[in-house]
file final-v1.txt (compact mmCIF, C-alpha atoms)
# COMPACT_ATOMS: atom_id res chain seq x y z
CA ILE S 283 0.00 0.00 0.00
CA LEU S 284 2.83 2.40 0.83
CA LYS S 285 4.19 1.78 -2.66
CA ASN S 286 0.77 2.45 -4.20
CA LYS S 287 0.32 -1.11 -5.36
CA LYS S 288 -3.08 -2.74 -5.28
CA ILE S 289 -3.53 -5.62 -2.89
CA PHE S 290 -6.36 -8.07 -2.51
CA LEU S 291 -7.00 -9.55 0.90
CA LYS S 292 -7.91 -13.23 1.02
CA LYS S 293 -8.56 -13.21 4.77
CA TYR S 294 -8.78 -10.81 7.68
CA VAL S 295 -5.84 -8.42 8.08
CA ASP S 296 -5.98 -6.15 11.10
CA GLU S 297 -6.35 -2.38 11.21
CA ARG S 298 -2.64 -1.63 10.71
CA VAL S 299 -3.23 -2.03 6.96
CA VAL S 300 -5.25 1.20 7.17
CA GLU S 301 -3.53 3.01 10.02
CA ILE S 302 0.09 2.75 8.89
CA PRO S 303 -0.37 4.07 5.32
CA TRP S 304 -2.57 6.92 6.55
CA THR S 305 -0.02 7.96 9.16
CA ILE S 306 3.03 7.67 6.92
CA LYS S 307 1.42 9.60 4.07
CA ASN S 308 0.72 12.42 6.49
CA LEU S 309 4.27 12.33 7.84
CA ASP S 310 5.65 12.37 4.28
CA GLN S 311 4.68 16.06 4.20
CA ILE S 312 6.96 16.87 7.14
CA LYS S 313 10.67 17.75 6.82
CA ASN S 314 13.40 18.73 9.30
CA SER S 315 11.01 18.21 12.18
CA LYS S 316 10.74 16.58 15.58
CA ILE S 317 8.17 13.77 15.71
CA LEU S 318 6.89 11.99 18.82
CA ASP S 319 5.47 8.49 18.33
CA ALA S 320 3.53 7.76 21.49
CA GLY S 321 3.38 3.99 21.88
CA CYS S 322 6.08 3.04 19.34
CA THR S 323 3.68 1.69 16.71
CA LEU S 324 5.95 3.04 13.95
CA ASN S 325 9.05 1.32 15.35
CA PHE S 326 9.86 -0.75 12.26
CA ASP S 327 12.95 -0.43 10.12
CA TYR S 328 11.13 0.23 6.84
CA LEU S 329 8.96 2.92 8.43
CA ILE S 330 11.82 4.63 10.27
CA LYS S 331 13.85 4.84 7.04
CA ARG S 332 10.95 6.51 5.30
CA ILE S 333 10.38 9.00 8.14
CA ILE S 334 14.02 10.05 8.59
CA LYS S 335 14.80 10.35 4.88
CA ASN S 336 13.34 13.88 5.16
CA LYS S 337 15.75 14.66 8.02
CA ASN S 338 13.05 14.16 10.63
CA TYR S 339 14.03 13.26 14.18
CA ILE S 340 11.69 10.73 15.77
CA THR S 341 11.31 9.99 19.47
CA PHE S 342 9.62 6.73 20.44
CA VAL S 343 7.91 6.64 23.83
CA ASN S 344 6.55 3.48 25.39
CA LEU S 345 5.75 2.19 28.86
CA PHE S 346 8.09 -0.77 28.32
CA PRO S 347 11.43 -1.16 26.48
CA GLU S 348 11.00 -2.13 22.85
CA ARG S 349 11.97 -5.59 21.66
CA ASN S 350 13.77 -4.02 18.68
CA THR S 351 15.63 -0.71 18.68
CA PHE S 352 17.36 1.00 15.77
CA LYS S 353 20.54 3.01 16.06
CA SER S 354 20.47 6.33 14.28
CA ASP S 355 21.26 9.96 15.03
CA PHE S 356 17.64 10.63 14.07
CA VAL S 357 16.03 8.12 16.47
CA SER S 358 15.71 7.97 20.26
CA TYR S 359 13.73 5.85 22.75
CA LYS S 360 12.09 6.77 26.05
CA HIS S 361 10.62 4.20 28.46
CA ARG S 362 7.90 5.85 30.50
CA ASP S 363 4.23 6.60 30.79
CA ILE S 364 2.99 9.12 28.20
CA LEU S 365 1.46 11.20 30.99
CA GLU S 366 4.85 11.46 32.70
CA LEU S 367 6.77 12.88 29.74
CA ASN S 368 8.82 15.85 30.90
CA TYR S 369 9.58 17.65 27.65
CA ALA S 370 9.19 21.42 27.47
CA GLU S 371 6.08 22.99 25.99
CA ASN S 372 5.91 23.20 22.19
CA THR S 373 8.68 20.63 21.63
CA PHE S 374 7.28 18.55 18.75
CA ASP S 375 6.25 19.35 15.19
CA ALA S 376 4.01 16.27 14.99
CA ILE S 377 2.70 13.62 17.35
CA THR S 378 1.44 10.19 16.35
CA CYS S 379 -0.57 7.88 18.60
CA ILE S 380 -1.53 4.81 16.57
CA SER S 381 -3.80 2.28 18.31
CA VAL S 382 -2.37 3.26 21.69
CA LEU S 383 -4.94 5.61 23.21
CA GLU S 384 -7.33 2.73 23.94
CA HIS S 385 -4.71 0.99 26.12
CA ILE S 386 -4.19 3.92 28.48
CA GLY S 387 -5.57 3.07 31.89
CA PHE S 388 -5.74 -0.66 31.19
CA ASP S 389 -3.62 -3.74 31.92
CA ASN S 390 -0.74 -3.67 29.43
CA SER S 391 1.35 -6.44 30.99
CA MET S 392 0.95 -8.67 27.92
CA TYR S 393 3.09 -6.18 25.99
CA ASP S 394 5.89 -6.28 28.56
CA PHE S 395 8.49 -8.47 26.87
CA ASN S 396 10.95 -8.00 29.76
CA ASN S 397 8.52 -8.96 32.54
CA THR S 398 9.02 -5.81 34.60
CA LYS S 399 5.75 -6.65 36.40
CA LYS S 400 4.19 -3.20 36.67
CA ASN S 401 0.92 -3.00 38.56
CA PHE S 402 -2.18 -1.79 36.73
CA GLU S 403 -5.42 -0.33 38.00
CA ILE S 404 -8.02 -0.03 35.27
CA ASN S 405 -9.18 3.55 34.74
CA SER S 406 -11.18 3.95 31.55
CA ASP S 407 -11.22 7.76 31.88
CA LEU S 408 -7.44 8.18 32.05
CA TYR S 409 -7.13 8.66 28.26
CA LYS S 410 -8.80 12.07 28.61
CA LYS S 411 -5.72 13.49 30.35
CA VAL S 412 -3.48 12.49 27.45
CA PHE S 413 -4.96 15.21 25.26
CA LEU S 414 -3.83 17.89 27.67
CA LYS S 415 -0.31 16.42 27.56
CA PHE S 416 -0.31 16.24 23.75
CA ASN S 417 -1.57 19.81 23.52
CA MET S 418 1.26 20.96 25.75
CA LEU S 419 3.98 19.08 23.84
CA LEU S 420 2.83 19.99 20.33
CA LYS S 421 3.86 23.24 18.67
CA PRO S 422 1.11 25.67 17.62
CA ASN S 423 -0.49 24.92 14.23
CA CYS S 424 1.04 21.44 14.16
CA TRP S 425 -0.82 18.13 13.92
CA LEU S 426 -1.71 15.26 16.23
CA TYR S 427 -2.45 11.98 14.40
CA LEU S 428 -4.61 9.44 16.23
CA THR S 429 -6.12 6.09 15.38
CA PHE S 430 -8.21 3.91 17.67
CA PRO S 431 -10.87 1.17 17.67
CA PHE S 432 -14.29 2.67 17.10
CA GLY S 433 -17.74 1.14 17.24
CA LYS S 434 -19.86 -0.32 19.99
CA LYS S 435 -18.60 0.79 23.40
CA MET S 436 -16.63 -2.13 24.84
CA SER S 437 -14.05 -2.64 27.58
CA PHE S 438 -11.59 -5.49 28.04
CA ASN S 439 -8.71 -6.09 30.45
CA ASN S 440 -6.19 -4.63 28.01
CA TYR S 441 -8.07 -1.87 26.21
CA GLN S 442 -11.38 -0.21 25.43
CA GLN S 443 -13.24 0.47 22.20
CA PHE S 444 -14.49 4.04 21.81
CA ASN S 445 -17.80 5.38 20.51
CA ILE S 446 -18.89 8.75 19.14
CA ASP S 447 -19.39 10.18 22.63
CA ASP S 448 -15.74 9.43 23.39
CA VAL S 449 -14.66 11.09 20.14
CA ASN S 450 -16.52 14.24 21.13
CA ILE S 451 -14.70 14.21 24.47
CA MET S 452 -11.38 13.93 22.62
CA LEU S 453 -12.26 16.96 20.52
CA ASP S 454 -13.36 18.96 23.56
CA ASN S 455 -10.20 18.12 25.51
CA PHE S 456 -7.77 18.92 22.69
CA ALA S 457 -9.80 21.86 21.32
CA PRO S 458 -8.23 21.79 17.82
CA LYS S 459 -8.28 24.72 15.41
CA GLU S 460 -9.42 22.17 12.82
CA TYR S 461 -9.72 18.43 12.53
CA PHE S 462 -10.37 15.64 10.03
CA LEU S 463 -12.10 12.41 10.98
CA LYS S 464 -12.47 9.17 9.00
CA PHE S 465 -13.98 5.80 9.82
CA TYR S 466 -13.11 2.41 8.34
CA LYS S 467 -14.91 -0.90 8.65
CA TYR S 468 -13.77 -4.39 7.73
CA GLU S 469 -16.25 -6.32 5.60
CA ILE S 470 -15.92 -9.02 2.92
CA ASN S 471 -12.10 -9.14 2.99
CA LYS S 472 -11.71 -5.39 2.64
CA TRP S 473 -11.34 -2.29 4.80
CA ASN S 474 -13.81 0.30 3.51
CA GLU S 475 -14.21 3.95 4.43
CA VAL S 476 -17.67 4.42 5.95
CA SER S 477 -19.71 6.85 8.03
CA HIS S 478 -19.55 6.65 11.81
CA SER S 479 -23.12 5.38 11.88
CA ALA S 480 -22.12 2.38 9.73
CA CYS S 481 -19.82 1.09 12.44
CA LYS S 482 -21.41 2.36 15.65
CA GLU S 483 -22.60 -1.14 16.59
CA VAL S 484 -19.55 -3.04 15.34
CA GLU S 485 -17.82 -5.15 17.97
CA ALA S 486 -14.09 -5.65 18.40
CA ILE S 487 -12.51 -9.08 18.01
CA TYR S 488 -11.96 -10.54 21.47
CA LYS S 489 -11.66 -13.71 23.48
CA ASP S 490 -13.00 -13.85 27.02
CA LYS S 491 -11.87 -10.55 28.60
CA THR S 492 -8.99 -9.84 26.21
CA GLY S 493 -9.36 -7.57 23.18
CA ILE S 494 -7.48 -8.80 20.10
CA SER S 495 -8.08 -6.42 17.18
CA SER S 496 -10.70 -4.30 15.46
CA ASN S 497 -13.42 -4.61 12.88
CA SER S 498 -13.84 -0.85 12.67
CA ILE S 499 -11.59 2.11 13.47
CA ALA S 500 -11.41 5.89 13.52
CA LEU S 501 -8.62 8.03 12.09
CA LEU S 502 -8.46 11.48 13.64
CA LYS S 503 -6.01 14.29 12.96
CA MET S 504 -6.20 17.56 14.85
CA ARG S 505 -4.32 20.83 14.44
CA LYS S 506 -3.33 22.63 17.61
call {"tool": "encode", "arguments": {"input": "final-v1.txt", "output": "structure tokens"}}
result
Amino acid sequence: ILKNKKIFLKKYVDERVVEIPWTIKNLDQIKNSKILDAGCTLNFDYLIKRIIKNKNYITFVNLFPERNTFKSDFVSYKHRDILELNYAENTFDAITCISVLEHIGFDNSMYDFNNTKKNFEINSDLYKKVFLKFNMLLKPNCWLYLTFPFGKKMSFNNYQQFNIDDVNIMLDNFAPKEYFLKFYKYEINKWNEVSHSACKEVEAIYKDKTGISSNSIALLKMRK
């Protein structure tokens, strides 16, 4: 998809097939800038090479150390909670948060490859505070890029799925000068762009109390 080649899915492929191209195509417009990737979703060699080819400096932030790290003068890693980031105001020219927001306030121990055994207390409202942090870190007139599971309101041990009421809270908390919002739904071996009403009752893929992946998502970009 990143190379503009057509693909035909023969079975379910998760939401990254939509989220990654959307994010990278937005970042392709940025040069000589500081980018924060909250949650390290873009921490893959082929994506990093594409981002830094425009002399962008990318900082990856995650609660746990990454399994793979890449050495470059244009790449750095921070291991801490997003809400505890101590950068100065107006530090970043772009912030990405790709399928991470829904995990904030939930049990993320399954993603801890080093078994640091952090304790978790589920707080489904904690994500609201992240928008204040992002607003502080982002430079004026720059963009925050978000993706998250969207559909029927659902909560699991490891994340939650948001609905339109949650999206309105996100917009209120960040208070963007402008924003663009898209919705995608998986149906018949294809991810299609749809209206929010077309996926408002769609359930996530889950087993017992663990969320696995999405059948519908939202893509939201907001300008500070």
call {"tool": "residues_around", "arguments": {"input": "final-v1.txt", "residues": "Asp363 in chain S", "least_positions_apart": "3", "cutoff": "12 Å", "atoms": "all atoms listed in the file", "output": "number ranges by chain"}}
result
S: 320-321, 342-347, 360, 366-368, 382-383, 385-387, 390, 400, 408-409, 412, 415
call {"tool": "closest_atom_pairs", "arguments": {"input": "final-v1.txt", "of": "range 415-441 of chain S", "to": "range 309-318 of chain S", "cutoff": "10 Å", "atoms": "all atoms listed in the file", "output": "CSV"}}
result
residue,atom,partner,partner_atom,distance
S:Phe416,CA,S:Leu318,CA,9.7
S:Leu419,CA,S:Leu318,CA,9.2
S:Leu420,CA,S:Leu318,CA,9.1
S:Trp425,CA,S:Leu309,CA,9.8
S:Leu426,CA,S:Leu318,CA,9.6
S:Tyr427,CA,S:Leu309,CA,9.4
call {"tool": "atom_distance", "arguments": {"input": "final-v1.txt", "atom1": "CA of Asn450 in chain S", "atom2": "CA of Phe388 in chain S"}}
result
21.0 Å
call {"tool": "residues_near_point", "arguments": {"input": "final-v1.txt", "point": "(-10.2, 3.5, 10.9)", "cutoff": "10 Å", "atoms": "only C-alpha atoms", "output": "ChimeraX atom specification"}}
result
/S:297-301,304,381,428-432,463-468,473-476,478,496-502
call {"tool": "residues_around", "arguments": {"input": "final-v1.txt", "residues": "Asn471 in chain S", "least_positions_apart": "5", "cutoff": "12 Å", "atoms": "all atoms listed in the file", "output": "PDB file with C-alpha atoms, keeping the file's coordinate frame"}}
result
ATOM      1  CA  ILE S 289      -3.530  -5.620  -2.890  1.00  0.00           C
ATOM      2  CA  PHE S 290      -6.360  -8.070  -2.510  1.00  0.00           C
ATOM      3  CA  LEU S 291      -7.000  -9.550   0.900  1.00  0.00           C
ATOM      4  CA  LYS S 292      -7.910 -13.230   1.020  1.00  0.00           C
ATOM      5  CA  LYS S 293      -8.560 -13.210   4.770  1.00  0.00           C
ATOM      6  CA  TYR S 294      -8.780 -10.810   7.680  1.00  0.00           C
ATOM      7  CA  VAL S 295      -5.840  -8.420   8.080  1.00  0.00           C
ATOM      8  CA  ASP S 296      -5.980  -6.150  11.100  1.00  0.00           C
ATOM      9  CA  ASN S 497     -13.420  -4.610  12.880  1.00  0.00           C
TER      10      ASN S 497
END
call {"tool": "closest_atom_pairs", "arguments": {"input": "final-v1.txt", "of": "range 371-485 of chain S", "to": "range 324-332 of chain S", "cutoff": "10 Å", "atoms": "all atoms listed in the file", "output": "CSV"}}
result
residue,atom,partner,partner_atom,distance
S:Thr378,CA,S:Leu324,CA,8.8
S:Cys379,CA,S:Leu324,CA,9.4
S:Ile380,CA,S:Leu324,CA,8.1
call {"tool": "atom_distance", "arguments": {"input": "final-v1.txt", "atom1": "CA of Lys337 in chain S", "atom2": "CA of Tyr461 in chain S"}}
result
26.1 Å
call {"tool": "closest_residue", "arguments": {"input": "final-v1.txt", "among": "S:Lys335, S:Lys489, S:Lys434, S:Lys506", "to": "Asn455 in chain S", "atoms": "all atoms listed in the file"}}
result
S:Lys506
call {"tool": "closest_residue", "arguments": {"input": "final-v1.txt", "among": "S:Asn372, S:Asn417, S:Asn423, S:Asn338", "to": "Phe356 in chain S", "atoms": "all atoms listed in the file"}}
result
S:Asn338
call {"tool": "atom_distance", "arguments": {"input": "final-v1.txt", "atom1": "CA of Val449 in chain S", "atom2": "CA of Phe374 in chain S"}}
result
23.2 Å
call {"tool": "closest_residue", "arguments": {"input": "final-v1.txt", "among": "S:Ser391, S:Asn440, S:Thr323, S:Ser354", "to": "Tyr339 in chain S", "atoms": "all atoms listed in the file"}}
result
S:Ser354
call {"tool": "axis_aligned_box", "arguments": {"input": "final-v1.txt", "around": "range 489-506 of chain S", "padding_each_side": "3 Å", "output": "AutoDock Vina command-line options"}}
result
--center_x -8.6 --center_y 4.4 --center_z 20.3 --size_x 16.5 --size_y 42.5 --size_z 22.5
call {"tool": "residues_around", "arguments": {"input": "final-v1.txt", "residues": "Lys459 in chain S", "least_positions_apart": "3", "cutoff": "10 Å", "atoms": "all atoms listed in the file", "output": "list in words"}}
result
Pro422, Asn423, Cys424, Phe456, Met504, Arg505 and Lys506 of chain S
call {"tool": "closest_residue", "arguments": {"input": "final-v1.txt", "among": "S:Ser477, S:Thr492, S:Thr351, S:Thr305", "to": "Met436 in chain S", "atoms": "all atoms listed in the file"}}
result
S:Thr492
call {"tool": "closest_residue", "arguments": {"input": "final-v1.txt", "among": "S:Leu284, S:Ile340, S:Cys481, S:Phe462", "to": "Phe352 in chain S", "atoms": "all atoms listed in the file"}}
result
S:Ile340
call {"tool": "closest_residue", "arguments": {"input": "final-v1.txt", "among": "S:Asp407, S:Asn308, S:Ile302, S:Asn439", "to": "Ile451 in chain S", "atoms": "all atoms listed in the file"}}
result
S:Asp407
call {"tool": "residues_around", "arguments": {"input": "final-v1.txt", "residues": "Gly433 in chain S", "least_positions_apart": "6", "cutoff": "7 Å", "atoms": "only C-alpha atoms", "output": "PyMOL selection string"}}
result
chain S and resi 443-445+481-485+498
call {"tool": "build_atoms", "arguments": {"input": "final-v1.txt", "residues": "range 410-421 of chain S", "atoms": "all heavy atoms", "output": "PDB file, in the frame of the given file"}}
result
ATOM      1  N   LYS S 410      -8.412  10.671  28.793  1.00  0.00           N
ATOM      2  CA  LYS S 410      -8.800  12.070  28.610  1.00  0.00           C
ATOM      3  C   LYS S 410      -7.645  13.019  28.960  1.00  0.00           C
ATOM      4  O   LYS S 410      -7.498  14.088  28.351  1.00  0.00           O
ATOM      5  CB  LYS S 410     -10.019  12.381  29.478  1.00  0.00           C
ATOM      6  CG  LYS S 410     -11.248  11.552  29.136  1.00  0.00           C
ATOM      7  CD  LYS S 410     -12.370  11.779  30.121  1.00  0.00           C
ATOM      8  CE  LYS S 410     -13.550  10.859  29.840  1.00  0.00           C
ATOM      9  NZ  LYS S 410     -14.637  11.028  30.838  1.00  0.00           N
ATOM     10  N   LYS S 411      -6.829  12.634  29.941  1.00  0.00           N
ATOM     11  CA  LYS S 411      -5.720  13.490  30.350  1.00  0.00           C
ATOM     12  C   LYS S 411      -4.611  13.557  29.303  1.00  0.00           C
ATOM     13  O   LYS S 411      -3.827  14.505  29.286  1.00  0.00           O
ATOM     14  CB  LYS S 411      -5.133  12.980  31.678  1.00  0.00           C
ATOM     15  CG  LYS S 411      -6.080  13.085  32.864  1.00  0.00           C
ATOM     16  CD  LYS S 411      -5.388  12.640  34.143  1.00  0.00           C
ATOM     17  CE  LYS S 411      -6.311  12.781  35.341  1.00  0.00           C
ATOM     18  NZ  LYS S 411      -5.646  12.368  36.612  1.00  0.00           N
ATOM     19  N   VAL S 412      -4.541  12.540  28.455  1.00  0.00           N
ATOM     20  CA  VAL S 412      -3.480  12.490  27.450  1.00  0.00           C
ATOM     21  C   VAL S 412      -3.582  13.668  26.478  1.00  0.00           C
ATOM     22  O   VAL S 412      -2.568  14.187  26.004  1.00  0.00           O
ATOM     23  CB  VAL S 412      -3.534  11.155  26.682  1.00  0.00           C
ATOM     24  CG1 VAL S 412      -2.534  11.138  25.546  1.00  0.00           C
ATOM     25  CG2 VAL S 412      -3.258  10.007  27.636  1.00  0.00           C
ATOM     26  N   PHE S 413      -4.793  14.124  26.219  1.00  0.00           N
ATOM     27  CA  PHE S 413      -4.960  15.210  25.260  1.00  0.00           C
ATOM     28  C   PHE S 413      -4.398  16.527  25.788  1.00  0.00           C
ATOM     29  O   PHE S 413      -3.904  17.359  25.022  1.00  0.00           O
ATOM     30  CB  PHE S 413      -6.434  15.351  24.876  1.00  0.00           C
ATOM     31  CG  PHE S 413      -6.915  14.191  24.056  1.00  0.00           C
ATOM     32  CD1 PHE S 413      -7.525  13.111  24.658  1.00  0.00           C
ATOM     33  CD2 PHE S 413      -6.701  14.154  22.694  1.00  0.00           C
ATOM     34  CE1 PHE S 413      -7.930  12.024  23.905  1.00  0.00           C
ATOM     35  CE2 PHE S 413      -7.105  13.072  21.937  1.00  0.00           C
ATOM     36  CZ  PHE S 413      -7.725  12.007  22.542  1.00  0.00           C
ATOM     37  N   LEU S 414      -4.452  16.714  27.078  1.00  0.00           N
ATOM     38  CA  LEU S 414      -3.830  17.890  27.670  1.00  0.00           C
ATOM     39  C   LEU S 414      -2.315  17.820  27.534  1.00  0.00           C
ATOM     40  O   LEU S 414      -1.645  18.826  27.261  1.00  0.00           O
ATOM     41  CB  LEU S 414      -4.232  18.012  29.139  1.00  0.00           C
ATOM     42  CG  LEU S 414      -5.740  18.078  29.426  1.00  0.00           C
ATOM     43  CD1 LEU S 414      -5.986  18.132  30.934  1.00  0.00           C
ATOM     44  CD2 LEU S 414      -6.367  19.260  28.728  1.00  0.00           C
ATOM     45  N   LYS S 415      -1.758  16.615  27.717  1.00  0.00           N
ATOM     46  CA  LYS S 415      -0.310  16.420  27.560  1.00  0.00           C
ATOM     47  C   LYS S 415       0.101  16.651  26.106  1.00  0.00           C
ATOM     48  O   LYS S 415       1.080  17.354  25.829  1.00  0.00           O
ATOM     49  CB  LYS S 415       0.074  15.020  28.021  1.00  0.00           C
ATOM     50  CG  LYS S 415       1.527  14.651  27.783  1.00  0.00           C
ATOM     51  CD  LYS S 415       2.494  15.516  28.585  1.00  0.00           C
ATOM     52  CE  LYS S 415       2.466  15.182  30.058  1.00  0.00           C
ATOM     53  NZ  LYS S 415       3.547  15.872  30.812  1.00  0.00           N
ATOM     54  N   PHE S 416      -0.625  16.054  25.169  1.00  0.00           N
ATOM     55  CA  PHE S 416      -0.310  16.240  23.750  1.00  0.00           C
ATOM     56  C   PHE S 416      -0.396  17.706  23.351  1.00  0.00           C
ATOM     57  O   PHE S 416       0.435  18.207  22.589  1.00  0.00           O
ATOM     58  CB  PHE S 416      -1.262  15.415  22.889  1.00  0.00           C
ATOM     59  CG  PHE S 416      -0.972  13.931  22.891  1.00  0.00           C
ATOM     60  CD1 PHE S 416      -1.966  13.015  22.541  1.00  0.00           C
ATOM     61  CD2 PHE S 416       0.279  13.438  23.222  1.00  0.00           C
ATOM     62  CE1 PHE S 416      -1.701  11.649  22.528  1.00  0.00           C
ATOM     63  CE2 PHE S 416       0.549  12.067  23.217  1.00  0.00           C
ATOM     64  CZ  PHE S 416      -0.455  11.185  22.868  1.00  0.00           C
ATOM     65  N   ASN S 417      -1.395  18.396  23.853  1.00  0.00           N
ATOM     66  CA  ASN S 417      -1.570  19.810  23.520  1.00  0.00           C
ATOM     67  C   ASN S 417      -0.394  20.628  24.031  1.00  0.00           C
ATOM     68  O   ASN S 417       0.062  21.570  23.377  1.00  0.00           O
ATOM     69  CB  ASN S 417      -2.881  20.324  24.125  1.00  0.00           C
ATOM     70  CG  ASN S 417      -3.392  21.547  23.408  1.00  0.00           C
ATOM     71  OD1 ASN S 417      -2.678  22.533  23.268  1.00  0.00           O
ATOM     72  ND2 ASN S 417      -4.631  21.494  22.955  1.00  0.00           N
ATOM     73  N   MET S 418       0.117  20.252  25.188  1.00  0.00           N
ATOM     74  CA  MET S 418       1.260  20.960  25.750  1.00  0.00           C
ATOM     75  C   MET S 418       2.534  20.693  24.953  1.00  0.00           C
ATOM     76  O   MET S 418       3.323  21.603  24.697  1.00  0.00           O
ATOM     77  CB  MET S 418       1.449  20.534  27.214  1.00  0.00           C
ATOM     78  CG  MET S 418       2.527  21.302  27.965  1.00  0.00           C
ATOM     79  SD  MET S 418       4.187  20.557  27.841  1.00  0.00           S
ATOM     80  CE  MET S 418       3.990  19.162  28.922  1.00  0.00           C
ATOM     81  N   LEU S 419       2.737  19.462  24.522  1.00  0.00           N
ATOM     82  CA  LEU S 419       3.980  19.080  23.840  1.00  0.00           C
ATOM     83  C   LEU S 419       4.039  19.534  22.390  1.00  0.00           C
ATOM     84  O   LEU S 419       5.124  19.746  21.845  1.00  0.00           O
ATOM     85  CB  LEU S 419       4.133  17.556  23.882  1.00  0.00           C
ATOM     86  CG  LEU S 419       4.337  16.912  25.253  1.00  0.00           C
ATOM     87  CD1 LEU S 419       4.335  15.399  25.118  1.00  0.00           C
ATOM     88  CD2 LEU S 419       5.638  17.382  25.876  1.00  0.00           C
ATOM     89  N   LEU S 420       2.888  19.685  21.759  1.00  0.00           N
ATOM     90  CA  LEU S 420       2.830  19.990  20.330  1.00  0.00           C
ATOM     91  C   LEU S 420       2.978  21.494  20.091  1.00  0.00           C
ATOM     92  O   LEU S 420       2.412  22.312  20.815  1.00  0.00           O
ATOM     93  CB  LEU S 420       1.499  19.497  19.769  1.00  0.00           C
ATOM     94  CG  LEU S 420       1.333  19.435  18.255  1.00  0.00           C
ATOM     95  CD1 LEU S 420       2.325  18.476  17.618  1.00  0.00           C
ATOM     96  CD2 LEU S 420      -0.101  19.011  17.914  1.00  0.00           C
ATOM     97  N   LYS S 421       3.716  21.837  19.039  1.00  0.00           N
ATOM     98  CA  LYS S 421       3.860  23.240  18.670  1.00  0.00           C
ATOM     99  C   LYS S 421       2.557  23.780  18.080  1.00  0.00           C
ATOM    100  O   LYS S 421       1.767  23.017  17.515  1.00  0.00           O
ATOM    101  CB  LYS S 421       4.985  23.396  17.635  1.00  0.00           C
ATOM    102  CG  LYS S 421       6.372  23.091  18.158  1.00  0.00           C
ATOM    103  CD  LYS S 421       7.415  23.251  17.064  1.00  0.00           C
ATOM    104  CE  LYS S 421       8.821  22.917  17.570  1.00  0.00           C
ATOM    105  NZ  LYS S 421       9.839  23.019  16.500  1.00  0.00           N
TER     106      LYS S 421
END
